[in-house]
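These notes are about the structure you will find just below.
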Amino acid sequence: LASMPLEALMKVKVVSAASLFEQPVSEAPAAAVILTADDIRNFGWRKLSDALASLPGLYVSYDRTYDYLGARGFRRPGDYNSRFLLLIDGMRLNDAVYDQASIGTDFPLDMDLVERIEYVPGPGSAVYGSNALFGVINVVTKKGEALGGAQTAVSVGSFGEKRARASYGWHGSNGADLLLSATSYVRSGQDLYYGEFDTPDQNNGVANGLDYDRAQYLFAKFAYRDFVFSAGYGNRTKGMPTAAYGVNFNTPESTSDTHSFANATYRHAVSSDLEIASQIYWERYDYRSPGIYGTDPAVVNMDGDKAIWYGADAHATFTGVPRNKIVVGVSVTRNARRDQYNYNVDPYQSILDDHRSSNIFGIYAEDEIRLTDRLTLNAGARFDKESVSGANAS
């Protein structure tokens with residue numbers, strides 16, 4: 001590698017998030033950046049947000065509950081990263097209620113299982129539709145071949161942090177590949193002082209034992225020839241020491257985020273000029289946050305949502321026209337449940353009980369036109385129709 005010219009080194013890395021097909025970073029129609037598994041290990045990044053904070057133009061903030069991502073000075077207060085499109089192996093991870101891109105410990109994948117992180121800055125709506133306004137983040141998972149057998153990992157850190165992972169990777173002589181992994185994580189956190197609550201009846205502004213963080217992750221991936229199937233589960237419970245949303249200070253408050261998914265892809269080269277790719281996925285996201293409000297008497301309130309969505313995507317890549325690489329595709333999404341609820345526990349009082357669903361249909365096309373050996377034109381268009389908000393063209 002040391003003897004290779006810079007141009008050749010740039011072509012060693014390929015990115016697939018920019019144009020729905022693999023291409024060298026130097027030829028992608030954006031200033032794409034790739035972070036590798038070696039980067040994750042060498043820098044000790046434990047969360048996806050840690051890795052993203054190292055990228056040019058991105059910055060991360062943390063409010064002791066969620067990690068928030070901004071780009072080039074823009075981050076709307078109260079926005080759960082909905083202007084970034086987050087993918088795992090090309091599957092959309094943003095949930096169907098808040099369109100949230102989870103990048104903290106609520107991201108449902110152990111960072112040790114990440115082969116690379118692709119970040120494509122700038123709008124990608126012409127290819128992906130909604131969410132891809134500030135950029136596209138594609139997290140590509142490892143294959144079983146990368147582990148080559150059983151593997152365990154244990155780590156400890158300050159404030160009672162403990163993490164344990166058990167994984168198994170297998171690669172057969174016929175090309176079959178299997179990866180299985182389970183991770184458990186816990187962090188006790190620290191007592192925190194908040195001057196806004198510094199009164200004797202509020203423990204002099206000190207939140208005791210409310211900064212804890214607990215998570216469990218499961219992941220499985222099987223590949224054989226042109227077929228890949230993966231499934232994952234992540235459950236995170238985070239204590240909230242900040243008395244968010246007006247709850248009583250220094251009282252038990254937490255948020256639980258549970259994300260489950262299954263994804264199947266099939267990619268096949270029909271001929272030297274034509275490749276087809278298809279994807280079917282199913283996902284579920286559950287959020288629950290209990291909190292104590294008021295005095296005399298205090299009331300326990302439960303806030304939450306339930307989201308279930310599934311969909312499919314199919315596209316073809318055609319290179320039969322000289323100096324052109326044409327992609328044409330169609331995608332459908334069914335947001336089966338977009339439910340939100342809020343109620344007081346005892347005595348029971350329903351405050352919000354909202355049930356919604358929607359459908360999204362989209363068609364798209366793009367063309368990579370090599371005008372000269374040094375000049376390439378990338379053009380794309382997409383049309384989406386959502387059953388609630390209507391039609392949109394990019």
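We name chains A, B, ... following the order of the structure tokens; residues begin at 1 in each chain, and ligands are numbered from 1 as shown.
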Hey, could you make a per-residue contact list for segment 199-318 of chain A against segment 182-191 of chain A with 9 Å as the cut-off, showing the nearest pair of atoms and its distance in Å to one decimal, counting only C-alpha atoms, sorted by chain and number, as a Markdown table?
| residue | atom | partner | partner_atom | distance |
| --- | --- | --- | --- | --- |
| A:Val206 | CA | A:Asp191 | CA | 6.6 |
| A:Ala207 | CA | A:Asp191 | CA | 5.6 |
| A:Asn208 | CA | A:Asp191 | CA | 4.9 |
| A:Gly209 | CA | A:Asp191 | CA | 5.8 |
| A:Leu210 | CA | A:Asp191 | CA | 7.2 |
| A:Asp211 | CA | A:Gly189 | CA | 4.7 |
| A:Tyr212 | CA | A:Ser188 | CA | 4.4 |
| A:Asp213 | CA | A:Arg187 | CA | 5.1 |
| A:Arg214 | CA | A:Val186 | CA | 4.4 |
| A:Ala215 | CA | A:Tyr185 | CA | 5.1 |
| A:Gln216 | CA | A:Ser184 | CA | 4.6 |
| A:Tyr217 | CA | A:Thr183 | CA | 5.0 |
| A:Leu218 | CA | A:Ala182 | CA | 4.6 |
| A:Phe219 | CA | A:Ala182 | CA | 6.6 |
| A:Ala220 | CA | A:Ala182 | CA | 9.0 |
| A:Pro241 | CA | A:Asp191 | CA | 8.5 |
For Asp367 of chain A, find every residue with an atom within 12 Å (counting only C-alpha atoms), except residues of its own chain fewer than 3 positions away, and show them as a PyMOL selection string. chain A and resi 19-21+29+126-127+316-319+321-329+364+370-371+376-381
Among segment 262-385 of chain A, which ones does DSSP assign to strand (DSSP E or B) (computed from the backbone)? Answer as an MDAnalysis selection string. chainID A and resid 262:269 274:293 299:318 324:344 349:354 358:370 376:385
Near segment 173-177 of chain A, counting only C-alpha atoms, which residues have an atom at most 7 Å away, once you skip same-chain residues fewer than 5 positions from it, shown as number ranges by chain? A: 143-145, 222-225
With only C-alpha atoms as the basis for distance, which of A:Asp296, A:Asp313, A:Asp89, A:Asp353 is at the shortest distance from Leu109 of chain A?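 Answer, going by the shortest atom-to-atom distance: A:Asp89.
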Within 10 Å of Met111 of chain A, counting only C-alpha atoms, which residues show up once you throw out same-chain ones fewer than 3 positions away? Write them as a list in words, please.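 The residues satisfying every condition are Ala37, Ile40, Arg41, Gly44, Trp45, Arg46, Lys47, Leu48, Ala51, Thr105, Phe107, Pro108, Val114, Glu115, Arg116, Val139 and Thr141 of chain A.
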For Asn344 of chain A, work out the shell of residues within 12 Å, counting only C-alpha atoms and skipping chain neighbours fewer than 3 positions away, then give it as a compact mmCIF listing (two decimals) with all heavy atoms, in the first residue's frame.
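File produced: result_9.txt:
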# COMPACT_ATOMS: atom_id res chain seq x y z
N SER A 289 -41.70 5.51 28.36
CA SER A 289 -41.02 6.43 29.27
C SER A 289 -41.94 6.76 30.44
O SER A 289 -42.85 7.59 30.31
CB SER A 289 -40.61 7.71 28.54
OG SER A 289 -39.93 8.59 29.42
N PRO A 290 -41.75 6.13 31.61
CA PRO A 290 -42.53 6.48 32.80
C PRO A 290 -41.91 7.67 33.53
O PRO A 290 -40.69 7.83 33.56
CB PRO A 290 -42.45 5.21 33.65
CG PRO A 290 -41.13 4.60 33.28
CD PRO A 290 -40.89 4.95 31.82
N GLY A 291 -42.74 8.51 34.12
CA GLY A 291 -42.27 9.66 34.88
C GLY A 291 -43.26 10.04 35.95
O GLY A 291 -44.45 9.72 35.86
N ILE A 292 -42.77 10.73 36.99
CA ILE A 292 -43.61 11.14 38.12
C ILE A 292 -43.80 12.65 38.05
O ILE A 292 -42.84 13.42 37.98
CB ILE A 292 -42.97 10.73 39.45
CG1 ILE A 292 -42.79 9.20 39.51
CG2 ILE A 292 -43.81 11.21 40.62
CD1 ILE A 292 -42.08 8.73 40.77
N TYR A 293 -45.06 13.07 38.10
CA TYR A 293 -45.41 14.49 37.98
C TYR A 293 -46.19 14.95 39.21
O TYR A 293 -46.98 14.19 39.79
CB TYR A 293 -46.27 14.74 36.74
CG TYR A 293 -45.56 14.55 35.43
CD1 TYR A 293 -45.37 13.29 34.89
CD2 TYR A 293 -45.09 15.65 34.71
CE1 TYR A 293 -44.72 13.11 33.68
CE2 TYR A 293 -44.45 15.49 33.50
CZ TYR A 293 -44.27 14.22 32.99
OH TYR A 293 -43.63 14.05 31.78
N GLY A 294 -46.01 16.22 39.58
CA GLY A 294 -46.84 16.88 40.58
C GLY A 294 -46.60 16.38 42.00
O GLY A 294 -45.78 15.50 42.28
N ALA A 298 -48.56 12.77 43.98
CA ALA A 298 -47.78 12.64 42.74
C ALA A 298 -48.44 11.61 41.84
O ALA A 298 -49.05 10.64 42.30
CB ALA A 298 -46.35 12.21 43.07
N VAL A 299 -48.31 11.83 40.53
CA VAL A 299 -48.96 10.98 39.54
C VAL A 299 -47.89 10.33 38.66
O VAL A 299 -47.00 11.02 38.16
CB VAL A 299 -49.94 11.78 38.66
CG1 VAL A 299 -50.52 10.90 37.56
CG2 VAL A 299 -51.04 12.38 39.52
N VAL A 300 -47.99 9.02 38.48
CA VAL A 300 -47.10 8.30 37.57
C VAL A 300 -47.72 8.33 36.18
O VAL A 300 -48.87 7.89 35.98
CB VAL A 300 -46.88 6.84 38.02
CG1 VAL A 300 -46.00 6.11 37.02
CG2 VAL A 300 -46.25 6.81 39.41
N ASN A 301 -46.97 8.84 35.22
CA ASN A 301 -47.46 8.97 33.84
C ASN A 301 -46.62 8.09 32.93
O ASN A 301 -45.40 7.98 33.10
CB ASN A 301 -47.37 10.43 33.39
CG ASN A 301 -47.79 10.62 31.94
OD1 ASN A 301 -46.97 10.58 31.03
ND2 ASN A 301 -49.08 10.84 31.73
N MET A 302 -47.28 7.47 31.95
CA MET A 302 -46.59 6.61 30.98
C MET A 302 -46.76 7.20 29.58
O MET A 302 -47.89 7.44 29.14
CB MET A 302 -47.14 5.19 31.02
CG MET A 302 -46.43 4.24 30.08
SD MET A 302 -44.72 3.90 30.57
CE MET A 302 -45.00 2.95 32.07
N ASP A 303 -45.64 7.42 28.90
CA ASP A 303 -45.65 7.94 27.54
C ASP A 303 -44.99 6.91 26.64
O ASP A 303 -43.99 6.28 27.03
CB ASP A 303 -44.90 9.27 27.46
CG ASP A 303 -44.96 9.90 26.08
OD1 ASP A 303 -46.06 10.29 25.66
OD2 ASP A 303 -43.90 9.99 25.43
N GLY A 304 -45.51 6.71 25.42
CA GLY A 304 -44.89 5.71 24.57
C GLY A 304 -45.47 5.66 23.17
O GLY A 304 -46.38 6.41 22.82
N TYR A 341 -49.29 6.78 22.62
CA TYR A 341 -50.19 6.75 23.79
C TYR A 341 -49.56 7.50 24.95
O TYR A 341 -48.33 7.65 25.04
CB TYR A 341 -50.50 5.31 24.20
CG TYR A 341 -49.29 4.47 24.54
CD1 TYR A 341 -48.73 4.49 25.82
CD2 TYR A 341 -48.70 3.65 23.58
CE1 TYR A 341 -47.62 3.73 26.13
CE2 TYR A 341 -47.60 2.88 23.88
CZ TYR A 341 -47.06 2.92 25.16
OH TYR A 341 -45.95 2.16 25.46
N PRO A 347 -54.80 7.09 39.62
CA PRO A 347 -55.89 6.44 38.89
C PRO A 347 -55.69 6.57 37.38
O PRO A 347 -55.11 7.54 36.91
CB PRO A 347 -57.13 7.20 39.35
CG PRO A 347 -56.60 8.57 39.69
CD PRO A 347 -55.23 8.34 40.28
N TYR A 348 -56.15 5.54 36.65
CA TYR A 348 -55.94 5.52 35.20
C TYR A 348 -56.69 6.66 34.52
O TYR A 348 -57.87 6.89 34.77
CB TYR A 348 -56.40 4.19 34.62
CG TYR A 348 -56.27 4.14 33.11
CD1 TYR A 348 -55.04 3.87 32.52
CD2 TYR A 348 -57.37 4.39 32.29
CE1 TYR A 348 -54.90 3.84 31.14
CE2 TYR A 348 -57.24 4.35 30.91
CZ TYR A 348 -56.01 4.08 30.35
OH TYR A 348 -55.88 4.05 28.97
N GLN A 349 -55.96 7.38 33.67
CA GLN A 349 -56.57 8.44 32.86
C GLN A 349 -55.86 8.48 31.51
O GLN A 349 -54.66 8.73 31.44
CB GLN A 349 -56.43 9.80 33.55
CG GLN A 349 -57.03 10.94 32.73
CD GLN A 349 -56.76 12.30 33.34
OE1 GLN A 349 -56.03 12.41 34.33
NE2 GLN A 349 -57.32 13.34 32.74
N SER A 350 -56.59 8.23 30.46
CA SER A 350 -56.02 8.26 29.11
C SER A 350 -55.93 9.70 28.62
O SER A 350 -56.91 10.44 28.63
CB SER A 350 -56.89 7.45 28.15
OG SER A 350 -56.36 7.52 26.83
N ILE A 351 -54.73 10.10 28.22
CA ILE A 351 -54.49 11.45 27.72
C ILE A 351 -54.32 11.44 26.21
O ILE A 351 -54.77 12.35 25.51
CB ILE A 351 -53.26 12.07 28.41
CG1 ILE A 351 -53.50 12.12 29.93
CG2 ILE A 351 -52.95 13.45 27.85
CD1 ILE A 351 -52.29 12.54 30.72
N LEU A 352 -53.68 10.41 25.69
CA LEU A 352 -53.50 10.28 24.24
C LEU A 352 -53.59 8.80 23.87
O LEU A 352 -52.96 7.96 24.51
CB LEU A 352 -52.12 10.83 23.82
CG LEU A 352 -51.73 10.63 22.35
CD1 LEU A 352 -52.64 11.43 21.43
CD2 LEU A 352 -50.27 11.02 22.12
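By only C-alpha atoms, and with residues fewer than 5 positions from Ala32 of chain A along its chain excluded, the set lying at most 7 Å from it is Val25, Tyr119, Val120 and Pro121 of chain A.
Running DSSP on the backbone gives helix (DSSP H, G or I) for these residues within segment 124-286 of chain A: Ser125, Ala126, Val127, Tyr128, Gly144, Glu145, Ala146, Leu147, Gly195, Glu196, Phe197, Pro200, Asp201, Gln202, Asn203, Asn204, Gly205, Ala244, Tyr245 and Gly246 of chain A.
A straight line drawn from atom CA of Ala336 of chain A to atom CA of Ser130 of chain A is 17.8 Å long.
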Which neighbours of Val388 of chain A fall inside 12 Å, counting only C-alpha atoms, when residues of the same chain fewer than 3 positions from it are skipped, and could you give them as a list in words? Asn335, Arg356, Ser357, Ser358, Asn359, Ile360, Phe361, Asp384, Lys385, Ala391 and Asn392 of chain A
